[in-house]
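S.K.: Here's a structure for you.
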Amino acid sequence: MLKIVVLSALCWFAITNCFPQQSLKLVTSVRQKGPVAYRDPFGAISPDGGLFAYSDLRKVVVQPINGGAVKELQKNGSFIRYLTWMPNSKYLITYELGGGGQTWYKYNTVDGSSSPLWPGRKLFSIEIPSEPNFEIDRSELRELVWSQDAQKVAGYVKRDNEILAVEFNADGSGAKLLAKGTKIESIQWNPARTGWAGIITENNKKYIDLNLGFEKNQLIEANSYGKLVFSKEGTLMYHTKGNDKGILDLWKHDLRDNTLKQLTNFTRDSYEPSISNDGEVVFKLQDYRIFIALVSGEGGEIQTLTGFQSEIPYWHPKGDKISFTYGSWRRVMDDSKYPDIAQNLGVVSINRDKPADEPEEVIRSSYSEDQGMSWSPNLKWITFHTHADGTDDIWIQPVGEPSKGRPLSKGGYETGWPRWSPDGNWIVCNTAYTLERINKLFLIGMDQDKGIITNPQNELTTPGLDSGSFTDSQWTSDSKNLVIEYVVDETHKEIHMIPIDGGPGKLIHKFKSDQLYSGIGLSYDDQWVAFIAPD
């Protein structure tokens with residue numbers, strides 16, 4: 001039986017404008033709730049420098065920047081995907097998924113009240129000469145930011161692989177196009193030019209455009225990712241730059257004499273700065289560690305198997321080693337290339353005196369996300385999830401011959417990890433029909449000697465389990481049933497045993513968890529199922 005050991009935390013640190021070493025101070029830290037479904041919380045210092053606001057799972061939290069009592073604001077949606085301050089330091093603006101469907105909300109940090117932002121405006125008409133009657137929905141808007149005088153708002157919209165930078169009046173009227181291109185990020189108010197700045201990509205090079213939306217733009221070449229901010233006067237600019245290790249460091253750019261100073265040097269990204277009017281800068285620092293360990297089926301002490309970033313373990317059929325996903329993902333520069341991220345496939349034996357420093361055997365090391373490898377029972381084949389060659393599917397390849405990998409499933413979206421039946425006749429995996437992200441179970445009939453399909457992929461339906469998501473599945477030893485993890489809603493999960501002939505299943509257990517992908521494990525005598533849940 002396996003246990004994944006996870007530490008995932010995010011801290012915010014503050015530095016002063018002059019940045020003496022002793023001025024670095026911890027503002028707050030947030031423990032992330034899981035390695036898969038949740039991503040970084042959002043946080044920012046208020047313009048007046050008095051408060052810090054951040055998202056914690058499904059909460060909006062406001063605290064004094066120098067410590068003190070915190071205030072939790074009643075959220076509107078299920079997940080908070082963006083957070084920023086308005087210039088008066090009284091109101092917070094958030095982008096939230098779920099809930100009433102309004103998407104953008106405005107919070108009063110004094111009395112705790114909230115309301116939809118621009119409630120009377122669902123559609124915005126934008127004047128684009130080449131596209132008359134061009135409209136965008138409020139839910140399409142991303143990363144709104146206000147001008148210093150609070151009279152203008154800017155954000156961006158993604159349409160057909162192109163990004164449109166747009167500007168509005170403070171009340172949401174007067175929408176107009178600022179700029180468009182295949183890559184525009186971090187639109188910010190530039191006080192020195194009383195206009196907008198942003199990070200753009202041209203000819204595979206990244207630039208900071210200090211005059212976004214004007215013909216006479218001013219480009220600064222910089223390997224910068226994510227957010228950039230300006231001092232109140234616009235003379236100083238803070239942004240991140242990638243180093244030769246693929247890690248982001250925070251830099252200060254003095255625009256008066258065009259000099260740069262590196263402010264941070266950590267082993268993880270320093271990123272997403274925010275700034276107060278008096279020049280105090282707050283930035284994120286993530287601590288993400290994930291290892292693989294063994295624990296007895298009776299419980300007790302754990303034995304750590306890997307000492308490097310690794311997850312999604314699976315037993316070799318002989319039970320003497322484990323496959324897993326490893327790499328250096330969860331970096332901003334890596335995430336920006338998704339799905340081509342640093343996730344590879346490796347193997348480690350379980351009989352170890354100390355944790356492994358690297359895989360004992362590298363199974364697959366590609367440019368793409370590779371996950372969830374499993375062996376065929378006859379040990380001739382391996383299957384895994386990958387995004388290689390533009391797919392989002394299950395692939396198969398002969399053991400020891402990675403150059404002969406080929407797609408097995410087709411048309412996948414958010415496809416999960418393949419699992420062979422003990423008799424070698426079936427592979428089960430989960431995927432989604434469309435962007436609705438409701439995972440369905442699929443069976444693929446296999447000839448494990450030849451590695452060919454005998455029955456095309458077909459959805460496995462079970463009476464009564466048609467409205468939730470299937471996130472993990474394990475075979476019983478007779479190859480006739482599956483034990484599955486079933487997500488009922490955002491906080492409730494179930495474990496069922498279901499037959500592969502489409503007949504009714506059996507509910508085994510109900511529990512509460514806010515982690516979408518928890519994971520289950522079935523004992524080889526078919527008597528026990530292990531699952532991950534909050535204690």
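If you're wondering about the labels, chains in the structure tokens are A, B, ... by order shown, residues count from 1 in each chain, ligands from 1 in order shown.
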Can you pull out the residues contacting Lys337 in chain A? Cut-off 12 Å, using only C-alpha atoms, and skip same-chain residues under 5 positions away; I want them as a ChimeraX atom specification.
M.R.: /A:225,329-332,342,367-369,387
S.K.: Take the residues just selected and output them with C-alpha atoms as a PDB file, in the first residue's frame.
M.R.:
ATOM      1  CA  TYR A 225       6.708  36.060 -16.592  1.00  0.00           C
ATOM      2  CA  TRP A 329       6.969  20.903 -12.573  1.00  0.00           C
ATOM      3  CA  ARG A 330       5.084  23.552 -10.594  1.00  0.00           C
ATOM      4  CA  ARG A 331       7.393  26.332 -11.780  1.00  0.00           C
ATOM      5  CA  VAL A 332       5.971  29.401 -13.494  1.00  0.00           C
ATOM      6  CA  ALA A 342       8.609  18.672 -16.859  1.00  0.00           C
ATOM      7  CA  TYR A 367       8.978  17.298 -23.794  1.00  0.00           C
ATOM      8  CA  SER A 368       5.402  16.640 -22.672  1.00  0.00           C
ATOM      9  CA  GLU A 369       3.471  15.840 -19.527  1.00  0.00           C
ATOM     10  CA  HIS A 387       0.035  15.119 -24.172  1.00  0.00           C
TER      11      HIS A 387
END
S.K.: Mind checking which residues fall within 8 Å of Leu441 in chain A, counting only C-alpha atoms, ignoring those fewer than 5 positions away in the same chain, and posting them as a VMD selection string?
M.R.: chain A and resid 428 to 431 459 to 461 470
S.K.: Pull N, CA and C atoms from the residues just selected and write them as a PDB file, in the first residue's frame.
M.R.:
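Listing of selection-v2.pdb after writing:
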ATOM      1  N   VAL A 428      -8.732   0.328 -18.317  1.00  0.00           N
ATOM      2  CA  VAL A 428      -9.721   1.327 -17.919  1.00  0.00           C
ATOM      3  C   VAL A 428      -9.027   2.672 -17.776  1.00  0.00           C
ATOM      4  N   CYS A 429      -9.713   3.725 -18.172  1.00  0.00           N
ATOM      5  CA  CYS A 429      -9.223   5.088 -17.958  1.00  0.00           C
ATOM      6  C   CYS A 429     -10.432   6.001 -17.883  1.00  0.00           C
ATOM      7  N   ASN A 430     -10.229   7.196 -17.432  1.00  0.00           N
ATOM      8  CA  ASN A 430     -11.320   8.174 -17.408  1.00  0.00           C
ATOM      9  C   ASN A 430     -10.952   9.368 -18.269  1.00  0.00           C
ATOM     10  N   THR A 431     -11.937   9.938 -18.903  1.00  0.00           N
ATOM     11  CA  THR A 431     -11.740  11.139 -19.702  1.00  0.00           C
ATOM     12  C   THR A 431     -13.055  11.895 -19.737  1.00  0.00           C
ATOM     13  N   GLU A 459     -17.664   3.792 -23.437  1.00  0.00           N
ATOM     14  CA  GLU A 459     -18.002   4.297 -22.116  1.00  0.00           C
ATOM     15  C   GLU A 459     -18.650   3.209 -21.263  1.00  0.00           C
ATOM     16  N   LEU A 460     -18.192   3.120 -20.030  1.00  0.00           N
ATOM     17  CA  LEU A 460     -18.783   2.214 -19.056  1.00  0.00           C
ATOM     18  C   LEU A 460     -19.793   3.008 -18.229  1.00  0.00           C
ATOM     19  N   THR A 461     -21.047   2.672 -18.342  1.00  0.00           N
ATOM     20  CA  THR A 461     -22.096   3.373 -17.597  1.00  0.00           C
ATOM     21  C   THR A 461     -22.631   2.470 -16.490  1.00  0.00           C
ATOM     22  N   PHE A 470     -15.736  10.508 -12.286  1.00  0.00           N
ATOM     23  CA  PHE A 470     -14.911   9.363 -11.935  1.00  0.00           C
ATOM     24  C   PHE A 470     -13.450   9.804 -11.982  1.00  0.00           C
TER      25      PHE A 470
END
S.K.: If you count only C-alpha atoms, which residues fall within 7 Å of Leu263 in chain A, apart from same-chain ones fewer than 5 positions away, as a list in words?
M.R.: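 The neighbour list is Leu250, Trp251 and Lys252 of chain A.
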S.K.: Taking only range 200-345 of chain A into account, list the residues labelled strand (DSSP E or B) by DSSP (computed from the backbone), as JSON, numbers by chain.
M.R.: {"A": [200, 201, 202, 205, 206, 207, 208, 209, 210, 211, 212, 219, 220, 221, 229, 230, 236, 237, 238, 239, 240, 241, 242, 248, 249, 250, 251, 252, 253, 254, 259, 260, 261, 262, 270, 271, 272, 273, 274, 275, 281, 282, 283, 284, 285, 286, 287, 288, 289, 290, 291, 292, 293, 294, 295, 302, 303, 304, 306, 310, 311, 312, 313, 314, 315, 321, 322, 323, 324, 325, 326, 327, 343, 344, 345]}
S.K.: Determine the nearest neighbour of Lys232 in chain A from the options A:Asp320, A:Asp40, A:Asp278, A:Asp357, counting only C-alpha atoms.
M.R.: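 Counting only C-alpha atoms, the residue closest to Lys232 in chain A is A:Asp278.
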S.K.: A:Ile275, A:Pro359, A:Asp353, A:Glu202: which is nearest Thr306 in chain A, counting only C-alpha atoms?
M.R.: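 Selected residue with least distance to Thr306 in chain A: A:Pro359.
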S.K.: With a cut-off of 12 Å, could you pull out the residues of range 50-119 of chain A touching range 282-299 of chain A and give me the nearest pair of atoms for each, distance in Å to one decimal, using only C-alpha atoms, ordered by chain and ascending number, as a tab-separated table?
M.R.:
residue	atom	partner	partner_atom	distance
A:Leu51	CA	A:Val282	CA	11.3
A:Phe52	CA	A:Val282	CA	9.1
A:Ala53	CA	A:Val282	CA	11.2
A:Tyr54	CA	A:Lys284	CA	11.2
A:Ile65	CA	A:Val282	CA	9.8
S.K.: Okay, now the selection with N, CA and C atoms, as an mmCIF file, in the first residue's frame?
M.R.:
data_model
loop_
_atom_site.group_PDB
_atom_site.id
_atom_site.type_symbol
_atom_site.label_atom_id
_atom_site.label_comp_id
_atom_site.auth_asym_id
_atom_site.auth_seq_id
_atom_site.Cartn_x
_atom_site.Cartn_y
_atom_site.Cartn_z
ATOM 1 N N LEU A 51 -3.095 46.952 4.473
ATOM 2 C CA LEU A 51 -3.733 45.637 4.510
ATOM 3 C C LEU A 51 -3.133 44.704 3.473
ATOM 4 N N PHE A 52 -3.295 43.422 3.740
ATOM 5 C CA PHE A 52 -2.934 42.397 2.763
ATOM 6 C C PHE A 52 -4.137 41.478 2.614
ATOM 7 N N ALA A 53 -4.542 41.214 1.371
ATOM 8 C CA ALA A 53 -5.687 40.343 1.101
ATOM 9 C C ALA A 53 -5.212 39.136 0.312
ATOM 10 N N TYR A 54 -5.790 37.979 0.629
ATOM 11 C CA TYR A 54 -5.414 36.777 -0.106
ATOM 12 C C TYR A 54 -6.567 35.785 -0.104
ATOM 13 N N ILE A 65 -1.083 44.423 7.343
ATOM 14 C CA ILE A 65 0.173 44.020 6.718
ATOM 15 C C ILE A 65 1.240 43.690 7.757
#
S.K.: Excluding range 311-317 of chain A and its own-chain neighbours fewer than 3 positions away, which residues fall within 8 Å of it when counting only C-alpha atoms? Please give them as a list in words.
M.R.: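 That gives Leu2, Ile4, Ile290, Phe291, Ile292, Asp320, Lys321, Ile322, Ser323, Phe324, Thr325, Tyr326, Gln371, Gly372, Met373, Ser374, Trp375, Pro377 and Leu379 of chain A.
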S.K.: Could you turn the residues from that selection into a file that holds all heavy atoms, as a short mmCIF file (atom, residue, chain, number, x, y, z; two decimals), in the first residue's frame?
M.R.:
data_model
loop_
_atom_site.label_atom_id
_atom_site.label_comp_id
_atom_site.auth_asym_id
_atom_site.auth_seq_id
_atom_site.Cartn_x
_atom_site.Cartn_y
_atom_site.Cartn_z
N LEU A 2 0.48 2.27 -0.72
CA LEU A 2 1.32 3.44 -0.89
C LEU A 2 0.72 4.67 -0.25
O LEU A 2 -0.48 4.80 -0.12
CB LEU A 2 1.50 3.73 -2.39
CG LEU A 2 2.43 2.78 -3.14
CD1 LEU A 2 2.37 3.10 -4.61
CD2 LEU A 2 3.84 2.93 -2.62
N ILE A 4 1.39 8.96 -0.50
CA ILE A 4 2.12 10.08 -1.06
C ILE A 4 2.26 11.14 0.02
O ILE A 4 1.27 11.54 0.64
CB ILE A 4 1.39 10.68 -2.27
CG1 ILE A 4 1.24 9.62 -3.37
CG2 ILE A 4 2.12 11.88 -2.82
CD1 ILE A 4 0.48 10.09 -4.57
N ILE A 290 6.98 16.92 -2.90
CA ILE A 290 6.11 15.74 -2.95
C ILE A 290 6.97 14.51 -3.18
O ILE A 290 7.82 14.50 -4.07
CB ILE A 290 5.03 15.90 -4.04
CG1 ILE A 290 4.09 14.71 -4.06
CG2 ILE A 290 5.62 16.17 -5.40
CD1 ILE A 290 2.82 14.94 -4.85
N PHE A 291 6.80 13.50 -2.33
CA PHE A 291 7.62 12.29 -2.37
C PHE A 291 6.72 11.06 -2.35
O PHE A 291 5.52 11.15 -2.15
CB PHE A 291 8.56 12.25 -1.16
CG PHE A 291 9.27 13.53 -0.88
CD1 PHE A 291 9.00 14.25 0.28
CD2 PHE A 291 10.20 14.03 -1.76
CE1 PHE A 291 9.65 15.44 0.55
CE2 PHE A 291 10.85 15.22 -1.51
CZ PHE A 291 10.58 15.93 -0.35
N ILE A 292 7.34 9.90 -2.52
CA ILE A 292 6.62 8.64 -2.47
C ILE A 292 7.15 7.82 -1.29
O ILE A 292 8.36 7.78 -1.05
CB ILE A 292 6.78 7.85 -3.78
CG1 ILE A 292 6.15 8.64 -4.92
CG2 ILE A 292 6.16 6.47 -3.68
CD1 ILE A 292 6.42 8.07 -6.28
N ASP A 320 7.78 -5.75 -6.58
CA ASP A 320 9.10 -5.43 -6.05
C ASP A 320 9.58 -4.02 -6.42
O ASP A 320 10.63 -3.60 -5.97
CB ASP A 320 10.13 -6.46 -6.52
CG ASP A 320 10.21 -6.54 -8.05
OD1 ASP A 320 9.33 -5.98 -8.73
OD2 ASP A 320 11.16 -7.17 -8.55
N LYS A 321 8.82 -3.34 -7.26
CA LYS A 321 9.19 -1.97 -7.62
C LYS A 321 7.95 -1.17 -7.97
O LYS A 321 6.85 -1.72 -8.09
CB LYS A 321 10.21 -1.95 -8.75
CG LYS A 321 9.81 -2.70 -10.00
CD LYS A 321 10.98 -2.74 -10.98
CE LYS A 321 10.65 -3.59 -12.21
NZ LYS A 321 11.81 -3.65 -13.14
N ILE A 322 8.16 0.13 -8.16
CA ILE A 322 7.04 1.06 -8.33
C ILE A 322 7.36 2.01 -9.47
O ILE A 322 8.48 2.52 -9.58
CB ILE A 322 6.79 1.83 -7.03
CG1 ILE A 322 6.16 0.90 -5.98
CG2 ILE A 322 5.92 3.06 -7.25
CD1 ILE A 322 6.17 1.48 -4.60
N SER A 323 6.38 2.26 -10.31
CA SER A 323 6.51 3.32 -11.32
C SER A 323 5.96 4.62 -10.75
O SER A 323 5.14 4.61 -9.83
CB SER A 323 5.74 2.94 -12.60
OG SER A 323 4.34 2.91 -12.34
N PHE A 324 6.41 5.74 -11.29
CA PHE A 324 5.94 7.03 -10.78
C PHE A 324 6.22 8.12 -11.80
O PHE A 324 6.97 7.93 -12.78
CB PHE A 324 6.63 7.37 -9.45
CG PHE A 324 8.13 7.33 -9.51
CD1 PHE A 324 8.87 8.42 -9.91
CD2 PHE A 324 8.81 6.18 -9.15
CE1 PHE A 324 10.25 8.38 -9.98
CE2 PHE A 324 10.20 6.11 -9.19
CZ PHE A 324 10.92 7.22 -9.62
N THR A 325 5.62 9.26 -11.58
CA THR A 325 5.86 10.47 -12.36
C THR A 325 6.84 11.35 -11.59
O THR A 325 6.68 11.53 -10.38
CB THR A 325 4.54 11.23 -12.59
OG1 THR A 325 3.64 10.38 -13.31
CG2 THR A 325 4.77 12.51 -13.37
N TYR A 326 7.84 11.90 -12.26
CA TYR A 326 8.81 12.75 -11.57
C TYR A 326 9.20 13.92 -12.47
O TYR A 326 8.93 13.93 -13.67
CB TYR A 326 10.06 11.95 -11.17
CG TYR A 326 10.98 11.63 -12.32
CD1 TYR A 326 12.10 12.42 -12.61
CD2 TYR A 326 10.73 10.53 -13.16
CE1 TYR A 326 12.93 12.13 -13.67
CE2 TYR A 326 11.55 10.24 -14.22
CZ TYR A 326 12.66 11.04 -14.47
OH TYR A 326 13.47 10.75 -15.54
N GLN A 371 2.37 10.85 -17.38
CA GLN A 371 1.89 10.50 -16.04
C GLN A 371 1.32 9.09 -15.99
O GLN A 371 0.92 8.53 -17.00
CB GLN A 371 0.76 11.45 -15.60
CG GLN A 371 1.12 12.89 -15.42
CD GLN A 371 -0.10 13.68 -14.96
OE1 GLN A 371 -1.22 13.18 -14.89
NE2 GLN A 371 0.11 14.94 -14.63
N GLY A 372 1.25 8.56 -14.76
CA GLY A 372 0.41 7.43 -14.42
C GLY A 372 0.72 6.13 -15.12
O GLY A 372 -0.17 5.39 -15.52
N MET A 373 2.01 5.80 -15.25
CA MET A 373 2.39 4.59 -15.98
C MET A 373 1.96 3.31 -15.26
O MET A 373 2.01 3.22 -14.04
CB MET A 373 3.90 4.60 -16.15
CG MET A 373 4.49 3.29 -16.61
SD MET A 373 6.27 3.31 -16.41
CE MET A 373 6.59 1.56 -16.20
N SER A 374 1.55 2.31 -16.06
CA SER A 374 1.30 0.97 -15.52
C SER A 374 1.78 -0.08 -16.51
O SER A 374 1.84 0.18 -17.72
CB SER A 374 -0.19 0.76 -15.21
OG SER A 374 -0.95 0.77 -16.39
N TRP A 375 2.13 -1.27 -15.99
CA TRP A 375 2.61 -2.38 -16.82
C TRP A 375 1.43 -3.29 -17.19
O TRP A 375 0.47 -3.44 -16.44
CB TRP A 375 3.62 -3.23 -16.07
CG TRP A 375 4.96 -2.63 -15.84
CD1 TRP A 375 6.05 -2.72 -16.65
CD2 TRP A 375 5.39 -1.89 -14.69
NE1 TRP A 375 7.13 -2.08 -16.09
CE2 TRP A 375 6.76 -1.56 -14.88
CE3 TRP A 375 4.76 -1.48 -13.51
CZ2 TRP A 375 7.49 -0.86 -13.95
CZ3 TRP A 375 5.48 -0.76 -12.59
CH2 TRP A 375 6.82 -0.44 -12.80
N PRO A 377 -0.02 -7.07 -17.42
CA PRO A 377 0.27 -8.21 -16.53
C PRO A 377 1.36 -9.14 -17.05
O PRO A 377 2.10 -9.73 -16.26
CB PRO A 377 -1.08 -8.93 -16.45
CG PRO A 377 -2.09 -7.85 -16.69
CD PRO A 377 -1.46 -6.95 -17.70
N LEU A 379 3.97 -8.14 -18.65
CA LEU A 379 5.19 -7.33 -18.61
C LEU A 379 5.77 -7.01 -19.99
O LEU A 379 6.93 -6.62 -20.10
CB LEU A 379 6.26 -8.02 -17.76
CG LEU A 379 5.87 -8.34 -16.31
CD1 LEU A 379 7.03 -8.99 -15.58
CD2 LEU A 379 5.44 -7.07 -15.59
#
S.K.: Have a look at CA of Gln151 in chain A and CA of Asn277 in chain A and let me know their distance in Å, one decimal.
M.R.: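 Spanning CA of Gln151 in chain A to CA of Asn277 in chain A is a straight-line distance of 17.4 Å.
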S.K.: Could you give me, as a CSV table (one decimal) with N, CA, C and O atoms, in the first residue's frame, the residues within 9 Å of Ile363 in chain A, counting only C-alpha atoms and dropping anything in the same chain fewer than 6 positions from it?
M.R.:
chain,number,residue,atom,x,y,z
A,323,SER,N,6.4,2.3,-10.3
A,323,SER,CA,6.5,3.3,-11.3
A,323,SER,C,6.0,4.6,-10.7
A,323,SER,O,5.1,4.6,-9.8
A,344,ASN,N,8.1,13.3,-16.2
A,344,ASN,CA,8.7,12.1,-16.8
A,344,ASN,C,8.3,10.9,-16.0
A,344,ASN,O,7.7,11.0,-15.0
A,345,LEU,N,8.6,9.7,-16.6
A,345,LEU,CA,8.3,8.4,-16.0
A,345,LEU,C,9.5,7.7,-15.5
A,345,LEU,O,10.5,7.6,-16.3
A,346,GLY,N,9.5,7.2,-14.3
A,346,GLY,CA,10.6,6.4,-13.8
A,346,GLY,C,10.2,5.3,-12.9
A,346,GLY,O,9.0,5.1,-12.6
A,347,VAL,N,11.2,4.5,-12.4
A,347,VAL,CA,10.9,3.3,-11.6
A,347,VAL,C,11.9,3.3,-10.5
A,347,VAL,O,13.1,3.7,-10.6
A,399,VAL,N,7.8,-2.6,-23.6
A,399,VAL,CA,8.8,-2.4,-22.5
A,399,VAL,C,10.2,-2.3,-23.1
A,399,VAL,O,10.6,-3.1,-23.9
A,400,GLY,N,10.9,-1.2,-22.7
A,400,GLY,CA,12.2,-1.0,-23.1
A,400,GLY,C,12.4,-0.4,-24.5
A,400,GLY,O,13.5,-0.2,-25.0
A,401,GLU,N,11.3,0.0,-25.1
A,401,GLU,CA,11.4,0.6,-26.5
A,401,GLU,C,10.5,1.9,-26.5
A,401,GLU,O,9.5,1.9,-27.2
A,402,PRO,N,11.0,2.9,-25.9
A,402,PRO,CA,10.2,4.2,-25.9
A,402,PRO,C,10.0,4.8,-27.2
A,402,PRO,O,9.0,5.5,-27.4
S.K.: Which residue is closest to Gly246 in chain A? Choose from A:Ile341, A:Val229, A:Leu507, A:Ala197 and count only C-alpha atoms.
M.R.: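 Going through A:Ile341, A:Val229, A:Leu507, A:Ala197 one by one, the smallest distance to Gly246 in chain A is for A:Ile341.
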S.K.: Pick out the closest residue to Leu141 in chain A from this set: A:Leu117, A:Ile128, A:Met333, A:Leu219. Count only C-alpha atoms.
M.R.: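 Looking at the shortest contact to Leu141 in chain A, the residue is A:Leu117.
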S.K.: Within 10 Å of range 68-72 of chain A, counting only C-alpha atoms, which residues qualify if same-chain residues fewer than 3 places away don't, as a list in words?
M.R.: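 Listed by chain and then number, they are Leu51, Phe52, Ala53, Tyr54, Ser55, Asp56, Lys59, Val60, Val61, Val62, Gln63, Pro64, Ile65, Lys75, Thr109, Val110 and Gly112 of chain A.
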S.K.: Could you take the residues named above and write them with all heavy atoms, as a short mmCIF file (atom, residue, chain, number, x, y, z; two decimals), in the first residue's frame?
M.R.:
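Output (again_23.cif):
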data_model
loop_
_atom_site.label_atom_id
_atom_site.label_comp_id
_atom_site.auth_asym_id
_atom_site.auth_seq_id
_atom_site.Cartn_x
_atom_site.Cartn_y
_atom_site.Cartn_z
N LEU A 51 -3.10 46.95 4.47
CA LEU A 51 -3.73 45.64 4.51
C LEU A 51 -3.13 44.70 3.47
O LEU A 51 -2.58 45.14 2.45
CB LEU A 51 -5.24 45.77 4.27
CG LEU A 51 -6.04 46.57 5.28
CD1 LEU A 51 -7.47 46.77 4.78
CD2 LEU A 51 -6.04 45.89 6.65
N PHE A 52 -3.29 43.42 3.74
CA PHE A 52 -2.93 42.40 2.76
C PHE A 52 -4.14 41.48 2.61
O PHE A 52 -4.72 41.03 3.61
CB PHE A 52 -1.72 41.60 3.22
CG PHE A 52 -1.27 40.57 2.21
CD1 PHE A 52 -0.59 40.96 1.08
CD2 PHE A 52 -1.56 39.22 2.39
CE1 PHE A 52 -0.18 40.02 0.13
CE2 PHE A 52 -1.16 38.28 1.45
CZ PHE A 52 -0.47 38.69 0.32
N ALA A 53 -4.54 41.21 1.37
CA ALA A 53 -5.69 40.34 1.10
C ALA A 53 -5.21 39.14 0.31
O ALA A 53 -4.34 39.25 -0.56
CB ALA A 53 -6.76 41.09 0.32
N TYR A 54 -5.79 37.98 0.63
CA TYR A 54 -5.41 36.78 -0.11
C TYR A 54 -6.57 35.78 -0.10
O TYR A 54 -7.50 35.87 0.70
CB TYR A 54 -4.16 36.14 0.49
CG TYR A 54 -4.28 35.65 1.91
CD1 TYR A 54 -4.61 34.33 2.20
CD2 TYR A 54 -4.05 36.52 2.98
CE1 TYR A 54 -4.70 33.88 3.51
CE2 TYR A 54 -4.15 36.08 4.29
CZ TYR A 54 -4.47 34.76 4.55
OH TYR A 54 -4.58 34.32 5.85
N SER A 55 -6.49 34.84 -1.03
CA SER A 55 -7.48 33.77 -1.11
C SER A 55 -6.89 32.53 -0.46
O SER A 55 -5.73 32.21 -0.64
CB SER A 55 -7.86 33.48 -2.56
OG SER A 55 -6.73 33.05 -3.30
N ASP A 56 -7.72 31.83 0.31
CA ASP A 56 -7.31 30.60 0.96
C ASP A 56 -8.38 29.56 0.65
O ASP A 56 -9.44 29.56 1.28
CB ASP A 56 -7.18 30.80 2.47
CG ASP A 56 -6.68 29.55 3.18
OD1 ASP A 56 -6.46 28.53 2.50
OD2 ASP A 56 -6.50 29.58 4.41
N LYS A 59 -11.91 30.97 0.57
CA LYS A 59 -12.12 32.13 1.43
C LYS A 59 -11.36 33.33 0.89
O LYS A 59 -10.36 33.21 0.21
CB LYS A 59 -11.64 31.84 2.86
CG LYS A 59 -12.36 30.70 3.55
CD LYS A 59 -11.84 30.52 4.96
CE LYS A 59 -10.41 30.02 4.98
NZ LYS A 59 -9.94 29.67 6.34
N VAL A 60 -11.87 34.52 1.22
CA VAL A 60 -11.15 35.77 1.00
C VAL A 60 -10.76 36.29 2.38
O VAL A 60 -11.62 36.52 3.23
CB VAL A 60 -12.01 36.81 0.27
CG1 VAL A 60 -11.23 38.09 0.07
CG2 VAL A 60 -12.48 36.26 -1.07
N VAL A 61 -9.48 36.47 2.60
CA VAL A 61 -8.97 36.86 3.91
C VAL A 61 -8.27 38.21 3.80
O VAL A 61 -7.50 38.45 2.86
CB VAL A 61 -7.99 35.81 4.46
CG1 VAL A 61 -7.51 36.19 5.86
CG2 VAL A 61 -8.64 34.43 4.49
N VAL A 62 -8.53 39.09 4.77
CA VAL A 62 -7.89 40.41 4.83
C VAL A 62 -7.23 40.54 6.19
O VAL A 62 -7.86 40.27 7.22
CB VAL A 62 -8.90 41.55 4.61
CG1 VAL A 62 -8.21 42.90 4.68
CG2 VAL A 62 -9.62 41.38 3.28
N GLN A 63 -5.96 40.95 6.22
CA GLN A 63 -5.23 41.10 7.48
C GLN A 63 -4.37 42.36 7.43
O GLN A 63 -3.96 42.80 6.34
CB GLN A 63 -4.34 39.90 7.74
CG GLN A 63 -3.13 39.79 6.82
CD GLN A 63 -2.17 38.70 7.25
OE1 GLN A 63 -2.57 37.58 7.50
NE2 GLN A 63 -0.90 39.06 7.34
N PRO A 64 -4.07 42.97 8.58
CA PRO A 64 -3.13 44.08 8.60
C PRO A 64 -1.76 43.61 8.10
O PRO A 64 -1.33 42.49 8.40
CB PRO A 64 -3.08 44.46 10.08
CG PRO A 64 -4.37 43.97 10.65
CD PRO A 64 -4.68 42.72 9.90
N ILE A 65 -1.08 44.42 7.34
CA ILE A 65 0.17 44.02 6.72
C ILE A 65 1.24 43.69 7.76
O ILE A 65 2.11 42.84 7.52
CB ILE A 65 0.68 45.12 5.75
CG1 ILE A 65 1.81 44.58 4.86
CG2 ILE A 65 1.10 46.36 6.49
CD1 ILE A 65 1.39 43.56 3.86
N LYS A 75 -17.43 34.60 0.65
CA LYS A 75 -17.21 34.49 -0.78
C LYS A 75 -18.54 34.33 -1.50
O LYS A 75 -19.57 33.98 -0.92
CB LYS A 75 -16.31 33.30 -1.08
CG LYS A 75 -17.00 31.96 -0.83
CD LYS A 75 -16.08 30.81 -1.07
CE LYS A 75 -16.83 29.49 -0.98
NZ LYS A 75 -17.67 29.33 0.20
N THR A 109 -14.13 45.95 2.16
CA THR A 109 -13.33 45.37 3.24
C THR A 109 -13.63 45.99 4.60
O THR A 109 -13.16 45.48 5.61
CB THR A 109 -11.83 45.51 2.93
OG1 THR A 109 -11.49 46.90 2.83
CG2 THR A 109 -11.46 44.81 1.64
N VAL A 110 -14.40 47.06 4.62
CA VAL A 110 -14.75 47.69 5.90
C VAL A 110 -15.92 46.98 6.55
O VAL A 110 -15.86 46.55 7.71
CB VAL A 110 -15.07 49.19 5.70
CG1 VAL A 110 -15.49 49.82 7.03
CG2 VAL A 110 -13.85 49.92 5.13
N GLY A 112 -17.53 44.24 5.03
CA GLY A 112 -17.60 42.85 4.62
C GLY A 112 -18.64 42.54 3.56
O GLY A 112 -18.78 41.39 3.17
#
S.K.: When you draw a straight line from CA of Tyr207 in chain A to CA of Glu221 in chain A, how long is it in Å?
M.R.: 4.3 Å
S.K.: Give me, as a PyMOL selection string, all polymer residues having an atom no more than 10 Å from range 519-528 of chain A, counting only C-alpha atoms and skipping those fewer than 2 positions away in the same chain.
M.R.: chain A and resi 1-4+297+312+314+471-478+482-485+495+515-517+530-533
S.K.: Would you mind writing down, as a list in words, each residue of range 42-232 of chain A that DSSP on the backbone assigns to helix (DSSP H, G or I)?
M.R.: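 Those in range 42-232 of chain A that DSSP calls helix (DSSP H, G or I) are Arg138, Ser139, Glu140, Pro191, Ala192 and Arg193 of chain A.
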